[in-house]
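**Q** What follows is model_20.cif, mmCIF, C-alpha atoms.
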data_upload
#
loop_
_atom_site.label_atom_id
_atom_site.label_comp_id
_atom_site.auth_asym_id
_atom_site.auth_seq_id
_atom_site.Cartn_x
_atom_site.Cartn_y
_atom_site.Cartn_z
CA MET Z 1 148.73 53.84 196.19
CA SER Z 2 147.36 57.37 195.98
CA ASP Z 3 145.37 59.52 198.41
CA GLY Z 4 143.65 61.12 195.44
CA LEU Z 5 143.50 64.60 194.05
CA LEU Z 6 142.28 66.47 197.15
CA PRO Z 7 145.70 66.64 198.90
CA VAL Z 8 147.35 67.70 195.62
CA TYR Z 9 144.72 70.39 195.04
CA ARG Z 10 145.10 71.73 198.59
CA LYS Z 11 148.87 71.90 198.17
CA GLY Z 12 148.37 73.75 194.85
CA LEU Z 13 146.13 76.30 196.58
CA ALA Z 14 148.77 76.83 199.26
CA ASP Z 15 151.67 77.38 196.86
CA GLY Z 16 149.71 79.44 194.31
CA THR Z 17 149.52 76.81 191.58
CA TYR Z 18 145.73 77.02 191.75
CA SER Z 19 143.50 79.98 192.54
CA GLU Z 20 140.82 79.85 195.22
CA ASP Z 21 137.52 78.99 193.54
CA SER Z 22 134.45 77.71 195.40
CA GLY Z 23 133.05 76.01 192.30
CA GLN Z 24 136.25 74.08 191.75
CA ARG Z 25 136.40 73.04 195.40
CA LEU Z 26 132.97 71.38 195.17
CA ALA Z 27 134.00 69.57 191.97
CA VAL Z 28 137.22 68.38 193.65
CA GLU Z 29 135.15 66.89 196.48
CA LYS Z 30 132.98 65.04 193.96
CA LEU Z 31 136.06 63.70 192.16
CA GLN Z 32 137.71 62.70 195.44
CA LEU Z 33 134.59 60.76 196.43
CA LEU Z 34 134.74 58.93 193.11
CA HIS Z 35 138.45 58.24 193.68
CA ASN Z 36 137.59 56.64 197.02
CA ARG Z 37 134.80 54.55 195.51
CA LEU Z 38 137.14 53.26 192.83
CA GLU Z 39 139.67 51.99 195.37
CA GLY Z 40 140.03 48.29 194.63
CA TYR Z 41 137.31 48.35 191.98
CA GLN Z 42 137.42 45.58 189.40
CA PRO Z 43 134.57 45.14 186.92
CA ALA Z 44 133.28 41.60 186.87
CA LYS Z 45 133.85 39.39 183.86
CA PRO Z 46 130.87 37.68 182.22
CA LYS Z 47 130.50 34.20 183.63
CA LYS Z 48 128.19 31.24 183.14
CA VAL Z 49 125.66 30.64 185.89
CA ARG Z 50 124.01 27.23 186.50
CA LEU Z 51 120.27 27.20 185.93
CA GLY Z 52 118.80 24.18 187.73
CA VAL Z 53 119.90 20.63 186.94
CA PHE Z 54 120.11 21.08 183.18
CA GLY Z 55 123.60 22.55 183.00
CA TRP Z 56 124.96 25.99 182.29
CA GLY Z 57 122.73 28.82 181.24
CA ARG Z 58 123.17 32.38 180.04
CA GLU Z 59 126.06 34.69 180.87
CA LYS Z 60 125.52 36.97 183.83
CA MET Z 61 127.38 40.04 185.06
CA GLU Z 62 127.86 40.47 188.80
CA GLN Z 63 129.71 43.57 189.91
CA ARG Z 64 129.76 46.44 192.35
CA GLU Z 65 128.31 49.47 190.56
CA VAL Z 66 130.31 52.70 190.72
CA PRO Z 67 128.55 55.73 189.20
CA GLY Z 68 130.68 58.03 187.09
CA LEU Z 69 130.71 61.84 186.98
CA TYR Z 70 129.67 64.42 184.39
CA LEU Z 71 131.16 67.88 184.99
CA TYR Z 72 129.64 70.72 183.00
CA GLY Z 73 129.91 74.49 183.05
CA GLY Z 74 131.08 77.52 181.13
CA VAL Z 75 134.37 77.86 179.31
CA GLY Z 76 137.36 78.53 181.54
CA ARG Z 77 135.93 77.11 184.78
CA GLY Z 78 138.72 74.55 185.15
CA LYS Z 79 136.73 71.40 184.35
CA SER Z 80 139.42 69.79 182.20
CA MET Z 81 142.17 70.73 184.62
CA LEU Z 82 140.33 69.06 187.51
CA MET Z 83 139.58 65.95 185.48
CA ASP Z 84 143.25 65.70 184.51
CA LEU Z 85 144.22 66.01 188.17
CA PHE Z 86 141.77 63.24 189.00
CA TYR Z 87 143.14 61.09 186.18
CA ALA Z 88 146.77 61.64 187.24
CA THR Z 89 146.07 60.57 190.83
CA ALA Z 90 143.74 57.66 190.01
CA THR Z 91 144.89 54.13 190.74
CA THR Z 92 142.35 52.33 188.53
CA GLU Z 93 143.93 50.30 185.74
CA PRO Z 94 143.61 50.21 182.85
CA ARG Z 95 142.47 53.77 182.36
CA ARG Z 96 142.38 56.23 179.49
CA ARG Z 97 141.88 59.97 178.96
CA VAL Z 98 140.80 61.07 175.48
CA HIS Z 99 139.19 64.02 173.73
CA PHE Z 100 135.61 63.01 172.98
CA HIS Z 101 135.83 64.08 169.33
CA ALA Z 102 138.89 61.85 168.78
CA PHE Z 103 137.21 58.99 170.65
CA MET Z 104 134.17 59.06 168.37
CA GLN Z 105 136.39 59.02 165.28
CA GLU Z 106 138.12 55.91 166.65
CA VAL Z 107 134.70 54.34 167.26
CA HIS Z 108 133.60 55.04 163.67
CA ASP Z 109 136.81 53.46 162.33
CA ALA Z 110 136.38 50.40 164.56
CA ILE Z 111 132.73 49.95 163.56
CA HIS Z 112 133.71 50.18 159.89
CA ALA Z 113 136.37 47.48 160.43
CA ALA Z 114 133.86 45.26 162.29
CA ARG Z 115 131.39 45.54 159.42
CA LYS Z 116 134.09 44.55 156.94
CA ARG Z 117 134.72 41.44 159.08
CA GLY Z 118 131.02 40.59 158.72
CA GLU Z 119 130.01 41.25 162.34
CA GLU Z 120 126.24 41.13 162.69
CA ASP Z 121 126.25 43.76 165.45
CA PRO Z 122 129.44 45.84 164.96
CA ILE Z 123 128.93 47.95 168.07
CA LYS Z 124 129.22 44.99 170.46
CA PRO Z 125 132.84 44.00 169.62
CA VAL Z 126 133.84 47.67 169.58
CA ALA Z 127 132.35 48.21 173.05
CA ASN Z 128 134.05 45.06 174.34
CA ALA Z 129 137.44 46.19 172.99
CA ILE Z 130 137.03 49.58 174.67
CA ALA Z 131 135.98 47.97 177.96
CA ASP Z 132 138.99 45.63 177.82
CA SER Z 133 141.33 48.60 177.37
CA ALA Z 134 139.85 51.01 179.94
CA THR Z 135 138.04 50.36 183.20
CA LEU Z 136 138.14 54.13 183.82
CA LEU Z 137 137.41 56.28 180.77
CA CYS Z 138 137.83 60.06 180.98
CA PHE Z 139 136.35 62.22 178.21
CA ASP Z 140 137.23 65.86 177.64
CA GLU Z 141 134.78 68.19 175.87
CA MET Z 142 131.83 65.83 175.42
CA GLN Z 143 129.51 67.22 172.79
CA ILE Z 144 127.32 65.72 170.08
CA THR Z 145 126.98 67.69 166.85
CA ASP Z 146 126.66 64.88 164.30
CA ILE Z 147 123.60 62.72 163.59
CA THR Z 148 125.79 59.64 163.10
CA ASP Z 149 127.40 60.09 166.52
CA ALA Z 150 123.98 60.65 168.06
CA MET Z 151 122.74 57.32 166.71
CA ILE Z 152 125.78 55.38 167.98
CA VAL Z 153 126.56 56.67 171.48
CA GLY Z 154 123.43 55.35 173.17
CA ARG Z 155 124.01 51.69 172.32
CA LEU Z 156 127.77 52.05 172.79
CA PHE Z 157 127.56 53.56 176.27
CA GLU Z 158 124.87 51.09 177.32
CA GLN Z 159 127.28 48.23 176.60
CA LEU Z 160 130.22 50.03 178.24
CA PHE Z 161 128.20 50.49 181.42
CA ALA Z 162 127.13 46.83 181.29
CA ARG Z 163 130.82 45.90 181.29
CA GLY Z 164 131.42 48.06 184.36
CA VAL Z 165 133.33 50.89 182.67
CA VAL Z 166 133.33 54.02 184.84
CA ILE Z 167 133.11 57.26 182.88
CA VAL Z 168 134.14 60.79 183.83
CA ALA Z 169 133.28 63.50 181.32
CA THR Z 170 133.55 67.25 180.98
CA SER Z 171 131.26 69.34 178.83
CA ASN Z 172 130.15 72.92 178.32
CA ARG Z 173 126.54 71.68 178.24
CA HIS Z 174 124.16 70.04 180.67
CA PRO Z 175 123.16 66.58 179.39
CA ASP Z 176 119.70 67.93 178.59
CA ASP Z 177 121.30 70.34 176.11
CA LEU Z 178 123.43 67.80 174.25
CA TYR Z 179 122.59 67.59 170.54
CA LYS Z 180 120.09 70.39 171.10
CA ASP Z 181 117.88 71.04 168.05
CA GLY Z 182 119.63 68.18 166.23
CA LEU Z 183 118.04 66.10 163.49
CA ASN Z 184 115.77 63.36 164.92
CA ARG Z 185 116.75 64.40 168.44
CA HIS Z 186 113.91 62.35 169.93
CA LEU Z 187 115.95 59.24 169.07
CA PHE Z 188 118.79 60.67 171.16
CA LEU Z 189 116.76 61.27 174.33
CA PRO Z 190 117.29 57.73 175.75
CA PHE Z 191 121.04 58.42 175.75
CA ILE Z 192 120.50 61.58 177.82
CA ALA Z 193 118.41 59.56 180.28
CA LEU Z 194 121.18 56.93 180.43
CA ILE Z 195 123.84 59.57 181.18
CA LYS Z 196 121.74 61.08 183.96
CA ASP Z 197 121.10 57.63 185.41
CA ARG Z 198 124.69 56.34 185.33
CA LEU Z 199 126.71 59.53 185.89
CA GLU Z 200 126.35 62.08 188.65
CA VAL Z 201 125.79 65.42 186.92
CA HIS Z 202 127.58 68.33 188.59
CA GLU Z 203 127.88 71.94 187.45
CA VAL Z 204 131.27 73.61 187.93
CA ALA Z 205 129.77 77.01 188.66
CA GLY Z 206 132.80 78.96 189.78
CA GLU Z 207 132.77 82.72 189.87
CA THR Z 208 135.90 83.04 187.74
CA ASP Z 209 136.51 82.37 184.07
CA HIS Z 210 140.20 81.51 184.40
CA ARG Z 211 140.86 81.77 180.67
CA ARG Z 212 139.25 85.20 180.50
CA ALA Z 213 141.44 86.26 183.41
CA TYR Z 214 144.43 85.27 181.29
CA TYR Z 215 143.26 87.31 178.32
CA LYS Z 216 142.63 90.45 180.35
CA GLY Z 217 145.60 92.68 179.69
CA THR Z 218 147.72 89.87 178.18
CA PRO Z 219 148.87 90.26 174.54
CA VAL Z 220 147.59 87.50 172.25
CA TYR Z 221 149.21 88.62 168.98
CA HIS Z 222 153.01 88.35 169.09
CA THR Z 223 155.21 89.94 166.44
CA PRO Z 224 157.86 89.84 165.03
CA LEU Z 225 158.85 86.19 164.91
CA GLY Z 226 161.81 85.22 167.05
CA ALA Z 227 162.86 83.97 170.46
CA GLU Z 228 160.66 86.48 172.29
CA SER Z 229 157.47 85.57 170.42
CA ARG Z 230 158.23 81.86 170.80
CA ALA Z 231 158.65 82.29 174.56
CA ALA Z 232 155.36 84.21 174.73
CA MET Z 233 153.55 81.43 172.87
CA ASP Z 234 155.06 78.79 175.16
CA ALA Z 235 153.95 80.78 178.20
CA ALA Z 236 150.41 81.09 176.80
CA TRP Z 237 150.25 77.34 176.22
CA ASP Z 238 151.52 76.56 179.73
CA SER Z 239 148.99 78.94 181.28
CA LEU Z 240 145.94 77.80 179.31
CA ALA Z 241 146.60 74.11 178.61
CA GLY Z 242 148.78 73.25 181.59
CA GLY Z 243 150.63 70.28 180.11
CA PRO Z 244 152.38 68.82 177.06
CA GLY Z 245 149.21 67.95 175.14
CA SER Z 246 148.78 65.18 172.58
CA ARG Z 247 148.22 64.90 168.84
CA LEU Z 248 144.60 65.17 167.68
CA VAL Z 249 143.57 63.92 164.25
CA LEU Z 250 140.21 65.19 162.98
CA ARG Z 251 138.83 63.35 159.95
CA HIS Z 252 136.58 65.22 157.54
CA LYS Z 253 135.48 63.81 154.20
CA GLY Z 254 138.48 61.52 153.91
CA ARG Z 255 141.05 64.14 154.97
CA ASP Z 256 143.05 64.25 158.16
CA VAL Z 257 143.26 67.59 159.95
CA VAL Z 258 146.14 67.28 162.40
CA ILE Z 259 146.50 69.49 165.49
CA PRO Z 260 149.92 68.54 166.91
CA HIS Z 261 149.17 69.58 170.49
CA VAL Z 262 145.75 69.47 172.20
CA LEU Z 263 144.91 69.57 175.90
CA ASN Z 264 141.97 70.92 177.93
CA GLY Z 265 140.18 72.28 174.87
CA VAL Z 266 143.30 74.21 173.82
CA GLY Z 267 145.09 73.40 170.56
CA ARG Z 268 148.43 74.47 169.11
CA ALA Z 269 149.58 74.21 165.50
CA SER Z 270 151.77 76.08 163.05
CA PHE Z 271 150.58 78.14 160.08
CA THR Z 272 151.95 75.41 157.81
CA ASP Z 273 149.96 72.73 159.65
CA LEU Z 274 146.72 74.62 159.08
CA CYS Z 275 147.18 76.58 155.86
CA GLY Z 276 149.96 74.76 154.03
CA GLN Z 277 147.67 71.77 153.48
CA PRO Z 278 144.67 71.49 151.09
CA LEU Z 279 142.04 72.17 153.77
CA GLY Z 280 138.66 73.84 153.40
CA PRO Z 281 135.79 75.35 155.41
CA GLY Z 282 134.50 71.98 156.65
CA ASP Z 283 137.94 71.06 157.96
CA TYR Z 284 138.21 74.34 159.85
CA LEU Z 285 134.70 73.84 161.24
CA ALA Z 286 135.89 70.51 162.64
CA ILE Z 287 138.62 72.40 164.48
CA THR Z 288 136.15 74.84 166.01
CA ASP Z 289 133.97 71.90 167.11
CA ALA Z 290 136.93 70.38 168.95
CA LEU Z 291 138.66 73.45 170.45
CA ARG Z 292 137.88 76.54 172.48
CA VAL Z 293 141.31 78.16 172.12
CA LEU Z 294 143.76 77.87 169.21
CA LEU Z 295 147.41 78.88 169.23
CA ILE Z 296 148.92 79.39 165.75
CA ASP Z 297 152.70 79.64 165.48
CA ASP Z 298 154.78 81.33 162.79
CA ILE Z 299 152.32 83.13 160.52
CA PRO Z 300 154.60 84.45 157.71
CA ARG Z 301 154.42 87.46 155.44
CA LEU Z 302 152.48 86.12 152.47
CA SER Z 303 153.51 86.75 148.86
CA ARG Z 304 151.86 86.35 145.45
CA ALA Z 305 153.31 82.84 145.32
CA GLN Z 306 151.32 81.93 148.46
CA ASN Z 307 147.89 82.91 147.23
CA ASN Z 308 146.41 79.51 148.12
CA GLU Z 309 147.81 79.67 151.64
CA ALA Z 310 146.43 83.20 152.01
CA LYS Z 311 142.96 82.06 150.93
CA ARG Z 312 143.02 79.23 153.46
CA PHE Z 313 144.17 81.62 156.17
CA VAL Z 314 141.26 83.94 155.39
CA THR Z 315 138.83 81.01 155.67
CA LEU Z 316 140.43 79.81 158.90
CA ILE Z 317 140.22 83.23 160.58
CA ASP Z 318 136.62 83.70 159.42
CA THR Z 319 135.71 80.30 160.86
CA LEU Z 320 137.42 80.95 164.20
CA TYR Z 321 135.82 84.39 164.39
CA GLU Z 322 132.30 83.15 163.74
CA ALA Z 323 132.69 80.30 166.24
CA GLN Z 324 134.22 82.68 168.81
CA VAL Z 325 137.25 80.46 169.28
CA ARG Z 326 139.95 82.40 171.10
CA LEU Z 327 143.07 82.97 168.99
CA ILE Z 328 146.65 83.44 170.16
CA CYS Z 329 149.31 83.66 167.48
CA SER Z 330 152.83 84.65 166.52
CA ALA Z 331 153.30 86.43 163.20
CA ALA Z 332 156.02 87.98 161.06
CA ALA Z 333 154.20 91.32 160.90
CA GLU Z 334 151.18 93.28 162.08
CA PRO Z 335 147.87 92.05 160.58
CA ASP Z 336 147.61 94.71 157.87
CA ALA Z 337 151.14 93.92 156.65
CA LEU Z 338 150.79 90.14 156.37
CA TYR Z 339 149.52 90.07 152.77
CA GLU Z 340 150.07 93.30 150.89
CA GLU Z 341 150.54 92.03 147.33
CA GLY Z 342 148.62 89.24 145.67
CA ALA Z 343 145.33 88.28 144.05
CA GLY Z 344 143.40 88.49 147.33
CA ALA Z 345 145.25 91.35 149.00
CA PHE Z 346 142.23 93.68 148.84
CA GLU Z 347 139.91 91.09 150.41
CA PHE Z 348 142.58 90.31 153.01
CA ALA Z 349 141.93 93.72 154.57
CA ARG Z 350 138.80 92.25 156.21
CA THR Z 351 140.88 89.43 157.69
CA ALA Z 352 143.39 91.95 159.03
CA SER Z 353 140.51 93.85 160.61
CA ARG Z 354 139.21 90.66 162.24
CA LEU Z 355 142.67 89.82 163.56
CA GLU Z 356 142.85 93.28 165.14
CA GLU Z 357 139.44 92.76 166.73
CA MET Z 358 140.32 89.28 167.97
CA ARG Z 359 143.43 90.60 169.72
CA SER Z 360 141.44 93.26 171.58
CA ALA Z 361 140.45 92.92 175.22
CA ASP Z 362 136.80 93.60 174.35
CA TRP Z 363 136.61 90.65 171.93
CA ALA Z 364 138.33 88.31 174.37
CA ALA Z 365 135.76 89.27 177.01
#
Would you put the structure from the file into structure tokens?

**A**
Amino acid sequence: MSDGLLPVYRKGLADGTYSEDSGQRLAVEKLQLLHNRLEGYQPAKPKKVRLGVFGWGREKMEQREVPGLYLYGGVGRGKSMLMDLFYATATTEPRRRVHFHAFMQEVHDAIHAARKRGEEDPIKPVANAIADSATLLCFDEMQITDITDAMIVGRLFEQLFARGVVIVATSNRHPDDLYKDGLNRHLFLPFIALIKDRLEVHEVAGETDHRRAYYKGTPVYHTPLGAESRAAMDAAWDSLAGGPGSRLVLRHKGRDVVIPHVLNGVGRASFTDLCGQPLGPGDYLAITDALRVLLIDDIPRLSRAQNNEAKRFVTLIDTLYEAQVRLICSAAAEPDALYEEGAGAFEFARTASRLEEMRSADWAA
């Protein structure tokens, strides 16, 4: 039994765990109301209903409808933190919290497997399996950037709602702005209407960007490598992510891009994870689609023998820079001393310059 997230949030305000924020307070009230509505909620199973004297007829769903919640707002408003607090205090079982990007990759894999089994409509068994595994489904960072995803989510969510699945989602965009300017967007509009019909849409419009407050005056480039830089990276993770995180696997053109720790739009990986593997621009773009902040541990001094790793690092930094993903890292040396000798050392000067800019307070703001 749980009283919900409101008592926990109030206690956090009193002891300084959370900062006073009017926008967050309103979102907490919305989430608490949903918590109360979910008390004792059980989605109905399909059952046969008798139609007249001629026996059993079609399956019918009879259930108490509980609308979900769609929280949107700018980066750093605390949307993911509040959803996680809601999830931790929820009593609904079974329930699941998942990054939306990872969820859609699972859906694609399941649809592929259903097609191989010869399913006439592969989305239906996938939706049923999801509904069986989660009555409450919490999505972090909902966004649609891919035409294939756009064509699937409408039918998938329609069947999830029909099974009584309650969805809570966070996003940086209002539903009307999802898949904005995307290919054949008119085919996506029914999904937007479905979201607005089945989820209460609420803007977390707080006056404080809590991540920006962290960046202001806080070093984000830690050198040299050692116990002190490791402690600084751990502190940054605790402040921005607020939990242990989980492994996120991004699939791009048959390759797996693994981010070992992801939570609340914040990811953490080592230099070897990101640049020691044969990854390219598309893989790094997948990272920027999934994350708003990236922590990179243990960037080494690069030698001639690590020319490939240096090239990947250049591409990674360029991609993060263009996407305005916030970067926090630990490195063996200052940016201009990371790659002094090698085939791309001259070109690396631009990367060093970008690293200097990305560590500045002006860029973070």

**Q** Each residue of region 115-225 of chain Z lying at most 10 Å from region 273-295 of chain Z should get a row with its shortest atom-to-atom pair and the distance in Å to one decimal, counting only C-alpha atoms; could you produce that, ordered by chain and increasing number, as JSON lines?

**A**
{"residue": "Z:Asp140", "atom": "CA", "partner": "Z:Ala290", "partner_atom": "CA", "distance": 9.8}
{"residue": "Z:Glu141", "atom": "CA", "partner": "Z:Ala290", "partner_atom": "CA", "distance": 7.6}
{"residue": "Z:Met142", "atom": "CA", "partner": "Z:Ala290", "partner_atom": "CA", "distance": 9.4}
{"residue": "Z:Gln143", "atom": "CA", "partner": "Z:Asp289", "partner_atom": "CA", "distance": 8.6}
{"residue": "Z:Ile144", "atom": "CA", "partner": "Z:Asp289", "partner_atom": "CA", "distance": 9.6}
{"residue": "Z:Thr145", "atom": "CA", "partner": "Z:Asp289", "partner_atom": "CA", "distance": 8.2}
{"residue": "Z:Arg211", "atom": "CA", "partner": "Z:Val293", "partner_atom": "CA", "distance": 9.3}
{"residue": "Z:Val220", "atom": "CA", "partner": "Z:Leu295", "partner_atom": "CA", "distance": 9.1}
{"residue": "Z:Tyr221", "atom": "CA", "partner": "Z:Leu295", "partner_atom": "CA", "distance": 9.9}

**Q** For those residues, write C-alpha atoms to a file as an mmCIF file, in the frame of the given file.

**A**
data_model
loop_
_atom_site.group_PDB
_atom_site.id
_atom_site.type_symbol
_atom_site.label_atom_id
_atom_site.label_comp_id
_atom_site.auth_asym_id
_atom_site.auth_seq_id
_atom_site.Cartn_x
_atom_site.Cartn_y
_atom_site.Cartn_z
ATOM 1 C CA ASP Z 140 137.230 65.860 177.640
ATOM 2 C CA GLU Z 141 134.780 68.190 175.870
ATOM 3 C CA MET Z 142 131.830 65.830 175.420
ATOM 4 C CA GLN Z 143 129.510 67.220 172.790
ATOM 5 C CA ILE Z 144 127.320 65.720 170.080
ATOM 6 C CA THR Z 145 126.980 67.690 166.850
ATOM 7 C CA ARG Z 211 140.860 81.770 180.670
ATOM 8 C CA VAL Z 220 147.590 87.500 172.250
ATOM 9 C CA TYR Z 221 149.210 88.620 168.980
#

**Q** Extract, using only C-alpha atoms, all DNA, RNA and protein residues at most 9 Å from region 188-190 of chain Z, discarding same-chain residues fewer than 5 positions from it, and format them as a list in words.

**A**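 In the requested format, the answer is Ala150, Met151, Val153, Gly154, Asp176, Tyr179 and Ile195 of chain Z.
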
**Q** Check which residues satisfy the PyMOL selection byres ((chain Z and resi 301) around 10) in the file shown, then give them as a VMD selection string.

**A** chain Z and resid 298 to 300 302 to 303 306 310 331 to 335 337 to 340

**Q** Quick one: residues within 12 Å of (140.7, 64.4, 185.5) (file frame), counting all atoms listed in the file, please, as a PyMOL selection string.

**A** chain Z and resi 4-6+9+27-28+30-32+34-35+68-71+78-90+95-99+136-141+167-170+263-264

**Q** Would you mind reading off the distance between CA of Val262 (chain Z) and CA of Ser246 (chain Z), one decimal, in Å?

**A**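 Those two atoms sit 5.3 Å apart.
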
**Q** I want to know what sits within 9 Å of Pro125 (chain Z), based on only C-alpha atoms, with residues of the same chain fewer than 3 positions away left out; could you give that as JSON, numbers by chain?

**A** {"Z": [110, 111, 114, 119, 121, 122, 128, 129, 130]}

**Q** Include C-alpha atoms and write out the residues we just selected as a PDB file, in the frame of the given file.

**A**
ATOM      1  CA  ALA Z 110     136.380  50.400 164.560  1.00  0.00           C
ATOM      2  CA  ILE Z 111     132.730  49.950 163.560  1.00  0.00           C
ATOM      3  CA  ALA Z 114     133.860  45.260 162.290  1.00  0.00           C
ATOM      4  CA  GLU Z 119     130.010  41.250 162.340  1.00  0.00           C
ATOM      5  CA  ASP Z 121     126.250  43.760 165.450  1.00  0.00           C
ATOM      6  CA  PRO Z 122     129.440  45.840 164.960  1.00  0.00           C
ATOM      7  CA  ASN Z 128     134.050  45.060 174.340  1.00  0.00           C
ATOM      8  CA  ALA Z 129     137.440  46.190 172.990  1.00  0.00           C
ATOM      9  CA  ILE Z 130     137.030  49.580 174.670  1.00  0.00           C
TER      10      ILE Z 130
END

**Q** Give one line per residue of region 207-263 of chain Z that approaches region 325-329 of chain Z to at most 12 Å, naming the two atoms of the closest pair and their distance in Å to one decimal, counting all atoms listed in the file; sort by chain then ascending residue number and deliver it as a Markdown table.

**A**
| residue | atom | partner | partner_atom | distance |
| --- | --- | --- | --- | --- |
| Z:Arg211 | CA | Z:Arg326 | CA | 9.6 |
| Z:Arg212 | CA | Z:Arg326 | CA | 9.8 |
| Z:Tyr214 | CA | Z:Arg326 | CA | 11.5 |
| Z:Tyr215 | CA | Z:Arg326 | CA | 9.3 |
| Z:Thr218 | CA | Z:Ile328 | CA | 10.3 |
| Z:Pro219 | CA | Z:Ile328 | CA | 8.4 |
| Z:Val220 | CA | Z:Ile328 | CA | 4.7 |
| Z:Tyr221 | CA | Z:Cys329 | CA | 5.2 |
| Z:His222 | CA | Z:Cys329 | CA | 6.2 |
| Z:Thr223 | CA | Z:Cys329 | CA | 8.7 |
| Z:Pro224 | CA | Z:Cys329 | CA | 10.8 |
| Z:Leu225 | CA | Z:Cys329 | CA | 10.2 |
| Z:Ser229 | CA | Z:Cys329 | CA | 8.9 |
| Z:Arg230 | CA | Z:Cys329 | CA | 9.7 |
| Z:Ala231 | CA | Z:Cys329 | CA | 11.8 |
| Z:Ala232 | CA | Z:Cys329 | CA | 9.5 |
| Z:Met233 | CA | Z:Cys329 | CA | 7.2 |
| Z:Asp234 | CA | Z:Cys329 | CA | 10.8 |
| Z:Ala235 | CA | Z:Ile328 | CA | 11.2 |
| Z:Ala236 | CA | Z:Ile328 | CA | 8.0 |
| Z:Trp237 | CA | Z:Ile328 | CA | 9.3 |
| Z:Leu240 | CA | Z:Ile328 | CA | 10.8 |

**Q** Quick one: distance from CA of Ala323 (chain Z) to CA of Ala305 (chain Z) in Å, one decimal?

**A**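 Going from CA of Ala323 (chain Z) over to CA of Ala305 (chain Z), I get 29.5 Å.
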
**Q** Which of these residues is nearest to Arg198 (chain Z), using all atoms listed in the file: Z:Asp132, Z:Glu65, Z:Asp256, Z:Glu106?

**A**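 Using all atoms listed in the file, Arg198 (chain Z) sits closest to Z:Glu65.
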
**Q** My list of candidates is Z:Ser239, Z:Ser2, Z:Asp109, Z:Asp15. Which is closest to Gly254 (chain Z) when distances are computed with only C-alpha atoms?

**A**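 Closest residue, counting only C-alpha atoms: Z:Asp109.
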
**Q** Z:Asp177, Z:Asp3, Z:Glu228, Z:Glu93: which is nearest Gly73 (chain Z), counting only C-alpha atoms?

**A** Z:Asp177

**Q** Do you know which residues the PyMOL selection byres ((chain Z and resi 354) around 12) returns on this file, as a ChimeraX atom specification?

**A** /Z:313-322,324,327,335-336,347-353,355-360,363

**Q** Could you tell me, as a ChimeraX atom specification, which residues have any atom at most 9 Å from (129.7, 75.3, 191.6), counting all atoms listed in the file?

**A** /Z:21-27,73,202-207

**Q** Which residues, written as an NGL selection string, have at least one atom at most 10 Å from Val258 (chain Z), with only C-alpha atoms counted and residues fewer than 3 positions away on the same chain left out?

**A** :Z and (247-251 or 255 or 261 or 269 or 273-274 or 287)

**Q** Grab the CA of Asn308 (chain Z) to CA of Gly344 (chain Z) distance for me, in Å with one decimal place.

**A**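 Interatomic distance here is 9.5 Å.
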